[in-house]
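One file, entry.csv, is given below (CSV, C-alpha atoms).
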```csv
chain,number,residue,atom,x,y,z
A,286,MET,CA,106.1,63.2,174.3
A,287,PRO,CA,106.5,66.8,173.4
A,288,GLU,CA,107.3,67.8,169.8
A,289,LYS,CA,111.0,68.5,169.1
A,290,ILE,CA,111.5,72.1,168.2
A,291,THR,CA,113.5,72.3,164.9
A,292,PHE,CA,116.0,74.9,164.0
A,293,GLU,CA,113.6,76.2,161.3
A,294,LYS,CA,110.7,76.5,163.7
A,295,SER,CA,112.8,78.3,166.2
A,296,ILE,CA,114.0,80.8,163.6
A,297,THR,CA,110.4,81.4,162.5
A,298,ARG,CA,109.4,82.0,166.1
A,299,LEU,CA,112.3,84.3,166.7
A,300,GLU,CA,111.3,86.3,163.6
A,301,GLU,CA,107.8,86.6,164.9
A,302,LEU,CA,109.0,87.8,168.3
A,303,VAL,CA,111.2,90.5,166.6
A,304,LYS,CA,108.3,91.7,164.5
A,305,LYS,CA,106.1,92.0,167.6
A,306,LEU,CA,108.8,93.9,169.5
A,307,GLU,CA,109.6,96.2,166.6
A,308,GLN,CA,105.9,97.2,166.4
A,309,GLY,CA,106.4,98.8,169.9
A,310,ASP,CA,102.7,98.6,170.8
A,311,ALA,CA,102.9,95.8,173.3
A,312,PRO,CA,102.7,96.6,177.1
A,313,LEU,CA,106.0,96.6,178.9
A,314,ASP,CA,105.3,93.2,180.7
A,315,GLU,CA,104.4,91.5,177.4
A,316,SER,CA,107.5,93.0,175.8
A,317,LEU,CA,109.7,91.7,178.5
A,318,LYS,CA,108.2,88.2,178.1
A,319,LEU,CA,108.8,88.3,174.4
A,320,PHE,CA,112.3,89.5,174.9
A,321,GLU,CA,113.0,86.8,177.4
A,322,GLU,CA,111.6,84.1,175.0
A,323,GLY,CA,113.8,85.5,172.3
A,324,THR,CA,116.9,85.3,174.3
A,325,VAL,CA,116.2,81.7,175.2
A,326,LEU,CA,115.6,80.9,171.5
A,327,ILE,CA,118.9,82.6,170.6
A,328,LYS,CA,120.8,80.4,173.1
A,329,LYS,CA,119.1,77.3,171.7
A,330,LEU,CA,119.8,78.3,168.1
A,331,THR,CA,123.4,79.0,168.9
A,332,LYS,CA,123.8,75.6,170.5
A,333,MET,CA,122.2,73.9,167.5
A,334,LEU,CA,124.6,75.7,165.1
A,335,ASP,CA,127.6,74.9,167.3
A,336,GLU,CA,126.6,71.2,167.3
A,337,ALA,CA,126.1,71.2,163.6
A,338,GLU,CA,129.5,72.8,163.0
A,339,GLN,CA,131.1,70.2,165.3
A,340,LYS,CA,129.4,67.4,163.3
A,341,VAL,CA,130.6,68.9,160.0
A,342,VAL,CA,134.2,69.1,161.3
A,343,LEU,CA,134.0,65.5,162.4
A,344,LEU,CA,132.8,64.5,158.9
A,345,THR,CA,135.5,66.4,157.1
A,346,LYS,CA,138.6,65.2,158.9
A,347,ASN,CA,141.6,64.0,156.8
A,348,LYS,CA,143.3,60.6,157.1
A,349,ASP,CA,145.3,62.0,160.1
A,350,ASN,CA,142.1,62.8,161.9
A,351,GLU,CA,142.7,66.6,161.5
A,352,PRO,CA,139.9,69.0,160.4
A,353,VAL,CA,140.2,69.9,156.7
A,354,GLU,CA,139.2,73.4,155.7
A,355,THR,CA,137.7,73.6,152.3
A,356,ASP,CA,136.3,76.5,150.2
A,357,PHE,CA,132.5,76.6,149.9
A,358,VAL,CA,131.5,76.2,146.2
A,359,PRO,CA,127.8,76.7,145.7
A,360,GLU,CA,126.0,74.4,143.3
A,361,ALA,CA,124.7,75.8,140.0
A,362,GLY,CA,121.8,78.1,140.6
A,363,GLU,CA,122.7,78.9,144.2
A,364,VAL,CA,123.8,82.3,145.3
```
For this file, write the structure as structure tokens.
Amino acid sequence: MPEKITFEKSITRLEELVKKLEQGDAPLDESLKLFEEGTVLIKKLTKMLDEAEQKVVLLTKNKDNEPVETDFVPEAGEV
């Protein structure tokens, strides 16, 4: 069974792709492959974020089953 790709691993891979593309020394065909892989990762990451947001909304509904918007208050020591 293939390993599930996590959000964190996907972000790390996307950062690697961006660095390689920014260097500008890869041949055109390799650059296109890297770009294509990056666009696929971006779509997957966007889907993961959308699903996480939907889950948060479900978990923060009020007694009338309506989403509740609250202000984010970081914990002590967080920026």
Task: Contacts of A:Leu334 at 12 Å (all atoms listed in the file; same-chain gap of 6+ positions) as a list in words - done: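 Within the cut-off, the hits are Thr291, Phe292, Glu293, Ile296, Ile327, Lys328, Lys340 and Val341 of chain A.
From atom CA of A:Ala311 back to atom CA of A:Arg298, the distance works out to 16.9 Å.
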TODO: Quote the spacing between atom CA of A:Met333 and atom CA of A:Ser295 in Å to one decimal place.
DONE: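 Straight-line distance from atom CA of A:Met333 to atom CA of A:Ser295 works out to 10.5 Å.
Among the candidates A:Glu354, A:Val325, A:Leu319, A:Leu344, the one nearest to A:Glu307 when counting only C-alpha atoms is A:Leu319.
Distance-wise, atom CA of A:Ala337 and atom CA of A:Ile290 end up 15.3 Å apart.
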